[in-house]
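Novice: Below is the structure I would like to discuss, written out as structure tokens.
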Amino acid sequence: MANTDHALTWQTNDLDAFWLPFTPNRAFKRAPRLISRAKDMHYFTPDGRAVLDGLAGLWCTNAGHNRDPIVAAISRQAAELDYSAAFHFAHPKAFELASRVVALAPADLNRVFFCNSGSEAVDTALKIALAYHNVRGEGARTRLIGRERGYHGVGFGGISVGGIVNNRKFFGTLLAGVDHLPATYSREHQAFTKGEPEWGGHLANELDRIVALHGASTIAAVIVEPMAGSTGVLPPPKGYLDRLRAICDKHGILLIFDEVITGFGRLGHAFAAERYGVTPDLLCFAKGINSGAVPMGGVIAREGVYNAFMQGPEHTIELFHGYTYSAHPLACAAGLAALDLYRDEQLFERARRLEPRFADAAMTLKNLPGVLDVRTVGISAGIDLAARPGAIGERGYEAMERAFHDEDLVIRITGDTLAIAPPLIVSEAQVAEIFEKTARVIRAVM
Ligand SMILES: Cc1ncc(COP(=O)(O)O)c(C=O)c1O
């Protein structure tokens, strides 16, 4: 077909060409959920419906959507400097943003490596951990330890240490030499807990067992999400993270926190590391760094990790890793504006103050039919629904569809688990609205 013919037949509402990520494409294209505009707590559909965002984009728009200072910073930056080479050159805002991130991080987590997503942040952290041991002459430390039910993005490193079967089973043999801690969730012991469960701290001792099996001298790093978001909001049991830290210290193993969801206020602090008083050696972030406005991720390293690389002749590259768009000017400009908003509007403190009322509102779902568990921590909630016999995930999918089409609400689903994590600017009235709408949705799908 000639190009001109193609132009004539092509329609702006043709849904065929776009292969949607992590989405059932056929079901979506039969009943699309389209969003064309957003402001603060709301999306707007092409036909003008206002839809309440119960998920902060995808756990990322922590300051709300299309905030004026972020929009202005991006457009100013686009006019000033679109791009400059990321290797061997740098632009001032990369240093400024790194300094601002470091100021928010605990202890000596004070060197920032930028990338463009959570997946890249995880693969970057895993590579830094392996290379760190290598440059120190402990190159036999090659094993990486993840956790069942962990989500660390979709790179080969991330899916290897991750613990979600469907993200792994289609993709071959993955990284060699990976082992997994058990998941920290037990419905029997933890159902309907607000915040960190009392039961489960002892599960960190499984790391001792893994160390005994493989030998500490073969293990490079342990990676966990302080709170596992993607498998349905699993807060860490009390004492669990401290125990992991102690075991890692005992054996010279690096501890990596994947804070892609928990970073920038979700748990009422800049980082979960601060909430739990546990400092990892490497900390992955993304999403909230610029309130989801431009793709960006990064890894914060402790000074000692960075220093281990700073040796050899000065003209040589210390870490053979990086991305064309590491510290992209637009992402940095958006990041600086987002961090200003978090500070000026005290959004992390706001989340901390709101947490008890958010948890109470979530627990109003407790006695609805088919609700097996409700968990909350910070401004996030996970709600497990009973699966329909022989159709795992169908009820959850229908809940998400009904929330959007019937209740003008965006929620997240993982199988039959609903997740709610609105922007940190959410009002108390909107919290109530989100859970009232969710209650109606749950009743409708039972
Ligand atoms: C803990 C965690 N790590 C990594 C990722 C991957 O981030 P991205 O989708 O930006 O690659 C996510 C995404 O939700 C996440 O929750």
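Residues are named by chain letter and number: chains run A, B, ... in the order of the structure tokens, numbers start at 1 in each chain, and ligands are numbered from 1 in the order shown.
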Can I get the residues of stretch 177-266 of chain A within 9 Å of stretch 413-425 of chain A, each with the closest pair of atoms and their distance in Å to one decimal, using only C-alpha atoms, sorted chain first then ascending number, as a Markdown table?

Specialist:
```
| residue | atom | partner | partner_atom | distance |
| --- | --- | --- | --- | --- |
| A:Gly229 | CA | A:Ala419 | CA | 8.3 |
| A:Ser230 | CA | A:Thr414 | CA | 7.2 |
| A:Thr231 | CA | A:Thr414 | CA | 6.4 |
| A:Gly232 | CA | A:Ala419 | CA | 6.0 |
| A:Val233 | CA | A:Ala419 | CA | 7.0 |
| A:Gly265 | CA | A:Leu424 | CA | 7.5 |
| A:Arg266 | CA | A:Leu424 | CA | 7.4 |
```

Novice: Restrict the selected residues to all heavy atoms and save them as a PDB file, in the first residue's frame.

Specialist:
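And here's again.pdb as it stands now:
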```pdb
ATOM      1  N   GLY A 229       5.511  -4.146  47.255  1.00  0.00           N
ATOM      2  CA  GLY A 229       4.298  -3.483  46.768  1.00  0.00           C
ATOM      3  C   GLY A 229       3.560  -4.281  45.719  1.00  0.00           C
ATOM      4  O   GLY A 229       2.344  -4.496  45.804  1.00  0.00           O
ATOM      5  N   SER A 230       4.312  -4.772  44.734  1.00  0.00           N
ATOM      6  CA  SER A 230       3.652  -5.332  43.553  1.00  0.00           C
ATOM      7  C   SER A 230       2.918  -6.632  43.826  1.00  0.00           C
ATOM      8  O   SER A 230       1.970  -6.955  43.124  1.00  0.00           O
ATOM      9  CB  SER A 230       4.680  -5.552  42.441  1.00  0.00           C
ATOM     10  OG  SER A 230       5.177  -4.305  42.034  1.00  0.00           O
ATOM     11  N   THR A 231       3.341  -7.396  44.841  1.00  0.00           N
ATOM     12  CA  THR A 231       2.568  -8.597  45.156  1.00  0.00           C
ATOM     13  C   THR A 231       1.516  -8.311  46.219  1.00  0.00           C
ATOM     14  O   THR A 231       1.084  -9.217  46.917  1.00  0.00           O
ATOM     15  CB  THR A 231       3.439  -9.778  45.624  1.00  0.00           C
ATOM     16  OG1 THR A 231       4.398  -9.307  46.547  1.00  0.00           O
ATOM     17  CG2 THR A 231       4.083 -10.485  44.464  1.00  0.00           C
ATOM     18  N   GLY A 232       1.127  -7.062  46.350  1.00  0.00           N
ATOM     19  CA  GLY A 232      -0.059  -6.792  47.147  1.00  0.00           C
ATOM     20  C   GLY A 232       0.163  -6.160  48.499  1.00  0.00           C
ATOM     21  O   GLY A 232      -0.607  -6.406  49.424  1.00  0.00           O
ATOM     22  N   VAL A 233       1.190  -5.308  48.629  1.00  0.00           N
ATOM     23  CA  VAL A 233       1.440  -4.558  49.864  1.00  0.00           C
ATOM     24  C   VAL A 233       1.715  -5.521  51.028  1.00  0.00           C
ATOM     25  O   VAL A 233       0.818  -5.890  51.787  1.00  0.00           O
ATOM     26  CB  VAL A 233       0.285  -3.588  50.213  1.00  0.00           C
ATOM     27  CG1 VAL A 233       0.610  -2.802  51.474  1.00  0.00           C
ATOM     28  CG2 VAL A 233      -0.008  -2.648  49.060  1.00  0.00           C
ATOM     29  N   GLY A 265       8.342   9.048  50.106  1.00  0.00           N
ATOM     30  CA  GLY A 265       7.169   9.391  50.903  1.00  0.00           C
ATOM     31  C   GLY A 265       6.084   8.358  51.071  1.00  0.00           C
ATOM     32  O   GLY A 265       5.189   8.532  51.895  1.00  0.00           O
ATOM     33  N   ARG A 266       6.125   7.274  50.308  1.00  0.00           N
ATOM     34  CA  ARG A 266       5.007   6.330  50.351  1.00  0.00           C
ATOM     35  C   ARG A 266       4.760   5.804  51.765  1.00  0.00           C
ATOM     36  O   ARG A 266       3.632   5.573  52.158  1.00  0.00           O
ATOM     37  CB  ARG A 266       5.291   5.177  49.357  1.00  0.00           C
ATOM     38  CG  ARG A 266       4.255   4.083  49.219  1.00  0.00           C
ATOM     39  CD  ARG A 266       2.886   4.552  48.783  1.00  0.00           C
ATOM     40  NE  ARG A 266       2.850   5.441  47.652  1.00  0.00           N
ATOM     41  CZ  ARG A 266       1.804   6.222  47.357  1.00  0.00           C
ATOM     42  NH1 ARG A 266       0.712   6.198  48.091  1.00  0.00           N
ATOM     43  NH2 ARG A 266       1.853   7.037  46.322  1.00  0.00           N
TER      44      ARG A 266
END
```

Novice: Please list as a ChimeraX atom specification every residue within 9 Å of A:Glu138, counting only C-alpha atoms and excluding residues in the same chain fewer than 4 positions away.

Specialist: /A:132-134,217-218

Novice: Since we have the selection now, will you write its residues out, keeping C-alpha atoms, as a short mmCIF file (atom, residue, chain, number, x, y, z; two decimals), in the first residue's frame?

Specialist:
```cif
data_model
loop_
_atom_site.label_atom_id
_atom_site.label_comp_id
_atom_site.auth_asym_id
_atom_site.auth_seq_id
_atom_site.Cartn_x
_atom_site.Cartn_y
_atom_site.Cartn_z
CA TYR A 132 32.34 -4.18 44.35
CA HIS A 133 33.42 -7.60 45.55
CA ASN A 134 35.44 -8.11 42.39
CA SER A 217 32.36 -16.32 50.56
CA THR A 218 30.18 -17.04 47.48
#
```

Novice: What do you get as a PDB file with all heavy atoms, in the first residue's frame if you pick all residues at most 8 Å from ligand 1, counting only C-alpha atoms and all ligand atoms?

Specialist:
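Generated output (part.pdb):
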```pdb
ATOM      1  N   LEU A  58       1.323   4.863  38.739  1.00  0.00           N
ATOM      2  CA  LEU A  58       1.665   3.464  39.036  1.00  0.00           C
ATOM      3  C   LEU A  58       2.657   3.526  40.195  1.00  0.00           C
ATOM      4  O   LEU A  58       3.823   3.250  40.023  1.00  0.00           O
ATOM      5  CB  LEU A  58       2.264   2.833  37.778  1.00  0.00           C
ATOM      6  CG  LEU A  58       2.338   1.316  37.607  1.00  0.00           C
ATOM      7  CD1 LEU A  58       1.036   0.617  37.929  1.00  0.00           C
ATOM      8  CD2 LEU A  58       2.772   0.970  36.184  1.00  0.00           C
ATOM      9  N   TRP A  59       2.188   3.989  41.315  1.00  0.00           N
ATOM     10  CA  TRP A  59       2.987   4.219  42.529  1.00  0.00           C
ATOM     11  C   TRP A  59       4.031   5.308  42.307  1.00  0.00           C
ATOM     12  O   TRP A  59       5.103   5.257  42.915  1.00  0.00           O
ATOM     13  CB  TRP A  59       3.738   2.967  42.975  1.00  0.00           C
ATOM     14  CG  TRP A  59       3.029   1.681  43.071  1.00  0.00           C
ATOM     15  CD1 TRP A  59       2.832   0.778  42.071  1.00  0.00           C
ATOM     16  CD2 TRP A  59       2.454   1.070  44.243  1.00  0.00           C
ATOM     17  NE1 TRP A  59       2.173  -0.336  42.548  1.00  0.00           N
ATOM     18  CE2 TRP A  59       1.942  -0.187  43.878  1.00  0.00           C
ATOM     19  CE3 TRP A  59       2.348   1.482  45.577  1.00  0.00           C
ATOM     20  CZ2 TRP A  59       1.321  -1.043  44.779  1.00  0.00           C
ATOM     21  CZ3 TRP A  59       1.742   0.626  46.478  1.00  0.00           C
ATOM     22  CH2 TRP A  59       1.232  -0.619  46.073  1.00  0.00           C
ATOM     23  N   ASN A 116      17.191   5.066  34.263  1.00  0.00           N
ATOM     24  CA  ASN A 116      15.905   5.556  33.733  1.00  0.00           C
ATOM     25  C   ASN A 116      14.666   4.821  34.196  1.00  0.00           C
ATOM     26  O   ASN A 116      13.582   5.091  33.700  1.00  0.00           O
ATOM     27  CB  ASN A 116      15.938   5.509  32.199  1.00  0.00           C
ATOM     28  CG  ASN A 116      17.176   6.170  31.659  1.00  0.00           C
ATOM     29  OD1 ASN A 116      17.296   7.387  31.739  1.00  0.00           O
ATOM     30  ND2 ASN A 116      18.100   5.384  31.170  1.00  0.00           N
ATOM     31  N   SER A 117      14.812   3.872  35.076  1.00  0.00           N
ATOM     32  CA  SER A 117      13.638   3.113  35.511  1.00  0.00           C
ATOM     33  C   SER A 117      14.002   2.316  36.749  1.00  0.00           C
ATOM     34  O   SER A 117      15.196   2.200  37.104  1.00  0.00           O
ATOM     35  CB  SER A 117      13.190   2.135  34.411  1.00  0.00           C
ATOM     36  OG  SER A 117      14.176   1.128  34.249  1.00  0.00           O
ATOM     37  N   GLY A 118      12.998   1.727  37.352  1.00  0.00           N
ATOM     38  CA  GLY A 118      13.243   0.860  38.496  1.00  0.00           C
ATOM     39  C   GLY A 118      13.994  -0.394  38.091  1.00  0.00           C
ATOM     40  O   GLY A 118      14.884  -0.872  38.813  1.00  0.00           O
ATOM     41  N   SER A 119      13.636  -0.946  36.928  1.00  0.00           N
ATOM     42  CA  SER A 119      14.318  -2.157  36.463  1.00  0.00           C
ATOM     43  C   SER A 119      15.809  -1.902  36.274  1.00  0.00           C
ATOM     44  O   SER A 119      16.654  -2.717  36.667  1.00  0.00           O
ATOM     45  CB  SER A 119      13.709  -2.628  35.134  1.00  0.00           C
ATOM     46  OG  SER A 119      12.342  -2.914  35.287  1.00  0.00           O
ATOM     47  N   GLU A 120      16.115  -0.776  35.665  1.00  0.00           N
ATOM     48  CA  GLU A 120      17.531  -0.432  35.475  1.00  0.00           C
ATOM     49  C   GLU A 120      18.216  -0.167  36.815  1.00  0.00           C
ATOM     50  O   GLU A 120      19.402  -0.479  36.979  1.00  0.00           O
ATOM     51  CB  GLU A 120      17.656   0.801  34.569  1.00  0.00           C
ATOM     52  CG  GLU A 120      17.313   0.532  33.121  1.00  0.00           C
ATOM     53  CD  GLU A 120      17.446   1.754  32.230  1.00  0.00           C
ATOM     54  OE1 GLU A 120      17.843   2.835  32.722  1.00  0.00           O
ATOM     55  OE2 GLU A 120      17.155   1.640  31.032  1.00  0.00           O
ATOM     56  N   ALA A 121      17.481   0.416  37.757  1.00  0.00           N
ATOM     57  CA  ALA A 121      18.075   0.667  39.079  1.00  0.00           C
ATOM     58  C   ALA A 121      18.469  -0.654  39.729  1.00  0.00           C
ATOM     59  O   ALA A 121      19.551  -0.784  40.309  1.00  0.00           O
ATOM     60  CB  ALA A 121      17.086   1.439  39.960  1.00  0.00           C
ATOM     61  N   VAL A 122      17.592  -1.644  39.606  1.00  0.00           N
ATOM     62  CA  VAL A 122      17.881  -2.943  40.218  1.00  0.00           C
ATOM     63  C   VAL A 122      19.080  -3.604  39.540  1.00  0.00           C
ATOM     64  O   VAL A 122      20.014  -4.071  40.209  1.00  0.00           O
ATOM     65  CB  VAL A 122      16.634  -3.858  40.141  1.00  0.00           C
ATOM     66  CG1 VAL A 122      16.999  -5.299  40.440  1.00  0.00           C
ATOM     67  CG2 VAL A 122      15.563  -3.350  41.103  1.00  0.00           C
ATOM     68  N   GLY A 150       8.991 -11.284  45.675  1.00  0.00           N
ATOM     69  CA  GLY A 150       9.635  -9.992  45.427  1.00  0.00           C
ATOM     70  C   GLY A 150       9.408  -9.550  43.990  1.00  0.00           C
ATOM     71  O   GLY A 150       9.304 -10.385  43.083  1.00  0.00           O
ATOM     72  N   TYR A 151       9.318  -8.234  43.768  1.00  0.00           N
ATOM     73  CA  TYR A 151       9.283  -7.689  42.408  1.00  0.00           C
ATOM     74  C   TYR A 151      10.412  -6.683  42.270  1.00  0.00           C
ATOM     75  O   TYR A 151      10.481  -5.713  43.031  1.00  0.00           O
ATOM     76  CB  TYR A 151       7.939  -7.015  42.101  1.00  0.00           C
ATOM     77  CG  TYR A 151       7.888  -6.483  40.681  1.00  0.00           C
ATOM     78  CD1 TYR A 151       7.982  -7.353  39.603  1.00  0.00           C
ATOM     79  CD2 TYR A 151       7.783  -5.121  40.410  1.00  0.00           C
ATOM     80  CE1 TYR A 151       7.971  -6.883  38.296  1.00  0.00           C
ATOM     81  CE2 TYR A 151       7.768  -4.638  39.110  1.00  0.00           C
ATOM     82  CZ  TYR A 151       7.860  -5.530  38.057  1.00  0.00           C
ATOM     83  OH  TYR A 151       7.849  -5.070  36.755  1.00  0.00           O
ATOM     84  N   HIS A 152      11.281  -6.942  41.312  1.00  0.00           N
ATOM     85  CA  HIS A 152      12.420  -6.046  41.108  1.00  0.00           C
ATOM     86  C   HIS A 152      12.523  -5.643  39.643  1.00  0.00           C
ATOM     87  O   HIS A 152      13.611  -5.536  39.092  1.00  0.00           O
ATOM     88  CB  HIS A 152      13.704  -6.716  41.592  1.00  0.00           C
ATOM     89  CG  HIS A 152      13.675  -7.060  43.058  1.00  0.00           C
ATOM     90  ND1 HIS A 152      13.668  -6.106  44.048  1.00  0.00           N
ATOM     91  CD2 HIS A 152      13.614  -8.256  43.697  1.00  0.00           C
ATOM     92  CE1 HIS A 152      13.621  -6.690  45.243  1.00  0.00           C
ATOM     93  NE2 HIS A 152      13.582  -7.995  45.054  1.00  0.00           N
ATOM     94  N   GLY A 153      11.364  -5.446  39.008  1.00  0.00           N
ATOM     95  CA  GLY A 153      11.374  -5.025  37.627  1.00  0.00           C
ATOM     96  C   GLY A 153      11.572  -6.195  36.684  1.00  0.00           C
ATOM     97  O   GLY A 153      11.471  -7.365  37.080  1.00  0.00           O
ATOM     98  N   VAL A 154      11.887  -5.876  35.432  1.00  0.00           N
ATOM     99  CA  VAL A 154      11.799  -6.871  34.378  1.00  0.00           C
ATOM    100  C   VAL A 154      13.107  -7.144  33.638  1.00  0.00           C
ATOM    101  O   VAL A 154      13.109  -7.859  32.641  1.00  0.00           O
ATOM    102  CB  VAL A 154      10.704  -6.474  33.365  1.00  0.00           C
ATOM    103  CG1 VAL A 154       9.332  -6.534  34.015  1.00  0.00           C
ATOM    104  CG2 VAL A 154      10.956  -5.077  32.796  1.00  0.00           C
ATOM    105  N   GLY A 155      14.215  -6.548  34.089  1.00  0.00           N
ATOM    106  CA  GLY A 155      15.512  -6.922  33.518  1.00  0.00           C
ATOM    107  C   GLY A 155      15.848  -8.351  33.914  1.00  0.00           C
ATOM    108  O   GLY A 155      15.222  -8.916  34.825  1.00  0.00           O
ATOM    109  N   GLY A 158      16.693  -8.450  37.551  1.00  0.00           N
ATOM    110  CA  GLY A 158      15.511  -8.237  38.386  1.00  0.00           C
ATOM    111  C   GLY A 158      14.580  -9.435  38.428  1.00  0.00           C
ATOM    112  O   GLY A 158      14.060  -9.795  39.494  1.00  0.00           O
ATOM    113  N   GLU A 225      12.597  -5.701  48.826  1.00  0.00           N
ATOM    114  CA  GLU A 225      11.814  -4.482  48.964  1.00  0.00           C
ATOM    115  C   GLU A 225      11.493  -4.357  50.455  1.00  0.00           C
ATOM    116  O   GLU A 225      10.990  -5.325  51.049  1.00  0.00           O
ATOM    117  CB  GLU A 225      10.496  -4.597  48.210  1.00  0.00           C
ATOM    118  CG  GLU A 225      10.592  -4.889  46.730  1.00  0.00           C
ATOM    119  CD  GLU A 225       9.348  -5.614  46.221  1.00  0.00           C
ATOM    120  OE1 GLU A 225       9.305  -6.866  46.269  1.00  0.00           O
ATOM    121  OE2 GLU A 225       8.401  -4.922  45.798  1.00  0.00           O
ATOM    122  N   ALA A 228       6.994  -5.040  50.130  1.00  0.00           N
ATOM    123  CA  ALA A 228       6.756  -5.554  48.784  1.00  0.00           C
ATOM    124  C   ALA A 228       5.433  -4.986  48.277  1.00  0.00           C
ATOM    125  O   ALA A 228       4.376  -5.281  48.833  1.00  0.00           O
ATOM    126  CB  ALA A 228       6.722  -7.079  48.807  1.00  0.00           C
ATOM    127  N   GLY A 229       5.511  -4.146  47.255  1.00  0.00           N
ATOM    128  CA  GLY A 229       4.298  -3.483  46.768  1.00  0.00           C
ATOM    129  C   GLY A 229       3.560  -4.281  45.719  1.00  0.00           C
ATOM    130  O   GLY A 229       2.344  -4.496  45.804  1.00  0.00           O
ATOM    131  N   SER A 230       4.312  -4.772  44.734  1.00  0.00           N
ATOM    132  CA  SER A 230       3.652  -5.332  43.553  1.00  0.00           C
ATOM    133  C   SER A 230       2.918  -6.632  43.826  1.00  0.00           C
ATOM    134  O   SER A 230       1.970  -6.955  43.124  1.00  0.00           O
ATOM    135  CB  SER A 230       4.680  -5.552  42.441  1.00  0.00           C
ATOM    136  OG  SER A 230       5.177  -4.305  42.034  1.00  0.00           O
ATOM    137  N   ASP A 258      15.356  -2.321  47.622  1.00  0.00           N
ATOM    138  CA  ASP A 258      14.683  -1.828  46.429  1.00  0.00           C
ATOM    139  C   ASP A 258      13.546  -0.928  46.891  1.00  0.00           C
ATOM    140  O   ASP A 258      12.484  -1.400  47.291  1.00  0.00           O
ATOM    141  CB  ASP A 258      14.164  -3.015  45.599  1.00  0.00           C
ATOM    142  CG  ASP A 258      13.481  -2.560  44.320  1.00  0.00           C
ATOM    143  OD1 ASP A 258      13.238  -1.346  44.171  1.00  0.00           O
ATOM    144  OD2 ASP A 258      13.169  -3.432  43.481  1.00  0.00           O
ATOM    145  N   GLU A 259      13.807   0.377  46.837  1.00  0.00           N
ATOM    146  CA  GLU A 259      12.829   1.363  47.328  1.00  0.00           C
ATOM    147  C   GLU A 259      12.125   2.066  46.165  1.00  0.00           C
ATOM    148  O   GLU A 259      11.753   3.240  46.269  1.00  0.00           O
ATOM    149  CB  GLU A 259      13.526   2.373  48.246  1.00  0.00           C
ATOM    150  CG  GLU A 259      14.087   1.755  49.513  1.00  0.00           C
ATOM    151  CD  GLU A 259      13.694   2.557  50.759  1.00  0.00           C
ATOM    152  OE1 GLU A 259      12.633   3.212  50.758  1.00  0.00           O
ATOM    153  OE2 GLU A 259      14.485   2.515  51.720  1.00  0.00           O
ATOM    154  N   VAL A 260      11.971   1.353  45.061  1.00  0.00           N
ATOM    155  CA  VAL A 260      11.341   1.954  43.886  1.00  0.00           C
ATOM    156  C   VAL A 260       9.916   2.409  44.215  1.00  0.00           C
ATOM    157  O   VAL A 260       9.462   3.454  43.732  1.00  0.00           O
ATOM    158  CB  VAL A 260      11.388   0.967  42.699  1.00  0.00           C
ATOM    159  CG1 VAL A 260      10.457   1.388  41.574  1.00  0.00           C
ATOM    160  CG2 VAL A 260      12.819   0.859  42.181  1.00  0.00           C
ATOM    161  N   ILE A 261       9.232   1.664  45.060  1.00  0.00           N
ATOM    162  CA  ILE A 261       7.886   2.080  45.486  1.00  0.00           C
ATOM    163  C   ILE A 261       7.937   2.845  46.810  1.00  0.00           C
ATOM    164  O   ILE A 261       7.217   3.825  46.998  1.00  0.00           O
ATOM    165  CB  ILE A 261       6.958   0.841  45.602  1.00  0.00           C
ATOM    166  CG1 ILE A 261       6.383   0.498  44.226  1.00  0.00           C
ATOM    167  CG2 ILE A 261       5.835   1.078  46.608  1.00  0.00           C
ATOM    168  CD1 ILE A 261       5.455  -0.700  44.215  1.00  0.00           C
ATOM    169  N   THR A 262       8.783   2.404  47.730  1.00  0.00           N
ATOM    170  CA  THR A 262       8.740   2.989  49.075  1.00  0.00           C
ATOM    171  C   THR A 262       9.478   4.326  49.161  1.00  0.00           C
ATOM    172  O   THR A 262       9.268   5.080  50.117  1.00  0.00           O
ATOM    173  CB  THR A 262       9.338   2.012  50.114  1.00  0.00           C
ATOM    174  OG1 THR A 262      10.643   1.613  49.683  1.00  0.00           O
ATOM    175  CG2 THR A 262       8.468   0.782  50.272  1.00  0.00           C
ATOM    176  N   CYS A 284      17.873   1.326  45.783  1.00  0.00           N
ATOM    177  CA  CYS A 284      17.325   1.597  44.448  1.00  0.00           C
ATOM    178  C   CYS A 284      16.120   2.514  44.565  1.00  0.00           C
ATOM    179  O   CYS A 284      15.261   2.298  45.423  1.00  0.00           O
ATOM    180  CB  CYS A 284      16.846   0.307  43.781  1.00  0.00           C
ATOM    181  SG  CYS A 284      18.092  -0.960  43.665  1.00  0.00           S
ATOM    182  N   PHE A 285      16.053   3.510  43.685  1.00  0.00           N
ATOM    183  CA  PHE A 285      14.854   4.361  43.646  1.00  0.00           C
ATOM    184  C   PHE A 285      14.452   4.573  42.198  1.00  0.00           C
ATOM    185  O   PHE A 285      15.203   4.273  41.262  1.00  0.00           O
ATOM    186  CB  PHE A 285      15.113   5.706  44.365  1.00  0.00           C
ATOM    187  CG  PHE A 285      16.133   6.585  43.683  1.00  0.00           C
ATOM    188  CD1 PHE A 285      15.770   7.426  42.642  1.00  0.00           C
ATOM    189  CD2 PHE A 285      17.465   6.558  44.076  1.00  0.00           C
ATOM    190  CE1 PHE A 285      16.708   8.225  42.003  1.00  0.00           C
ATOM    191  CE2 PHE A 285      18.416   7.362  43.440  1.00  0.00           C
ATOM    192  CZ  PHE A 285      18.036   8.198  42.402  1.00  0.00           C
ATOM    193  N   ALA A 286      13.250   5.101  41.980  1.00  0.00           N
ATOM    194  CA  ALA A 286      12.762   5.483  40.640  1.00  0.00           C
ATOM    195  C   ALA A 286      11.475   6.289  40.874  1.00  0.00           C
ATOM    196  O   ALA A 286      11.421   7.109  41.784  1.00  0.00           O
ATOM    197  CB  ALA A 286      12.532   4.259  39.757  1.00  0.00           C
ATOM    198  N   LYS A 287      10.450   6.002  40.097  1.00  0.00           N
ATOM    199  CA  LYS A 287       9.073   6.505  40.286  1.00  0.00           C
ATOM    200  C   LYS A 287       8.954   7.885  40.949  1.00  0.00           C
ATOM    201  O   LYS A 287       8.887   8.897  40.287  1.00  0.00           O
ATOM    202  CB  LYS A 287       8.275   5.464  41.082  1.00  0.00           C
ATOM    203  CG  LYS A 287       8.183   4.123  40.340  1.00  0.00           C
ATOM    204  CD  LYS A 287       7.181   3.202  40.960  1.00  0.00           C
ATOM    205  CE  LYS A 287       7.177   1.812  40.368  1.00  0.00           C
ATOM    206  NZ  LYS A 287       6.168   1.556  39.376  1.00  0.00           N
ATOM    207  N   PRO A 295      10.816   9.547  32.858  1.00  0.00           N
ATOM    208  CA  PRO A 295      11.457   8.309  33.319  1.00  0.00           C
ATOM    209  C   PRO A 295      12.800   8.585  33.998  1.00  0.00           C
ATOM    210  O   PRO A 295      13.640   9.293  33.463  1.00  0.00           O
ATOM    211  CB  PRO A 295      11.664   7.502  32.029  1.00  0.00           C
ATOM    212  CG  PRO A 295      10.618   8.016  31.102  1.00  0.00           C
ATOM    213  CD  PRO A 295      10.472   9.482  31.433  1.00  0.00           C
ATOM    214  N   MET A 296      12.961   8.032  35.202  1.00  0.00           N
ATOM    215  CA  MET A 296      14.228   8.180  35.920  1.00  0.00           C
ATOM    216  C   MET A 296      14.315   7.141  37.032  1.00  0.00           C
ATOM    217  O   MET A 296      13.296   6.785  37.633  1.00  0.00           O
ATOM    218  CB  MET A 296      14.349   9.578  36.535  1.00  0.00           C
ATOM    219  CG  MET A 296      15.633   9.768  37.340  1.00  0.00           C
ATOM    220  SD  MET A 296      15.952  11.470  37.818  1.00  0.00           S
ATOM    221  CE  MET A 296      17.513  11.767  36.978  1.00  0.00           C
ATOM    222  N   GLY A 297      15.502   6.638  37.266  1.00  0.00           N
ATOM    223  CA  GLY A 297      15.745   5.767  38.407  1.00  0.00           C
ATOM    224  C   GLY A 297      17.152   6.023  38.888  1.00  0.00           C
ATOM    225  O   GLY A 297      17.861   6.872  38.326  1.00  0.00           O
TER     226      GLY A 297
END
```

Novice: With only C-alpha atoms as the counted atoms, please give the residues lying no more than 10 Å from A:Phe257, apart from itself and same-chain residues fewer than 4 positions off, as a PyMOL selection string.

Specialist: chain A and resi 122+125+222-227+241+262+271-273+278-285+299-300

Novice: Which residues of stretch 135-159 of chain A come within 12 Å of stretch 191-207 of chain A, and for each one, what is the closest pair of atoms and their distance in Å to one decimal, counting only C-alpha atoms, sorted by chain and residue number, as CSV?

Specialist:
```
residue,atom,partner,partner_atom,distance
A:Leu144,CA,A:Leu207,CA,11.7
A:Ile145,CA,A:Leu207,CA,8.7
A:Gly146,CA,A:Leu207,CA,10.2
A:Arg147,CA,A:Leu207,CA,10.2
A:Glu148,CA,A:Leu203,CA,11.9
```

Novice: How would the residues just picked look written out with C-alpha atoms as a PDB file, in the first residue's frame?

Specialist:
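Written output follows (again_18.pdb):
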```pdb
ATOM      1  CA  LEU A 144      22.585 -12.980  44.606  1.00  0.00           C
ATOM      2  CA  ILE A 145      19.799 -13.623  47.082  1.00  0.00           C
ATOM      3  CA  GLY A 146      16.277 -12.344  46.422  1.00  0.00           C
ATOM      4  CA  ARG A 147      12.951 -13.244  47.975  1.00  0.00           C
ATOM      5  CA  GLU A 148       9.811 -15.122  47.008  1.00  0.00           C
TER       6      GLU A 148
END
```

Novice: Which distance in Å separates atom CA of A:Leu347 and atom CA of A:Ala63, to one decimal?

Specialist: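 Result for atom CA of A:Leu347 versus atom CA of A:Ala63: 7.5 Å, one decimal.
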
Novice: Counting only C-alpha atoms, which of A:Leu126, A:Ile70, A:Ala331, A:Ile159 gets nearest to A:Leu255?

Specialist: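 Among A:Leu126, A:Ile70, A:Ala331, A:Ile159, it is A:Leu126 that comes nearest to A:Leu255.
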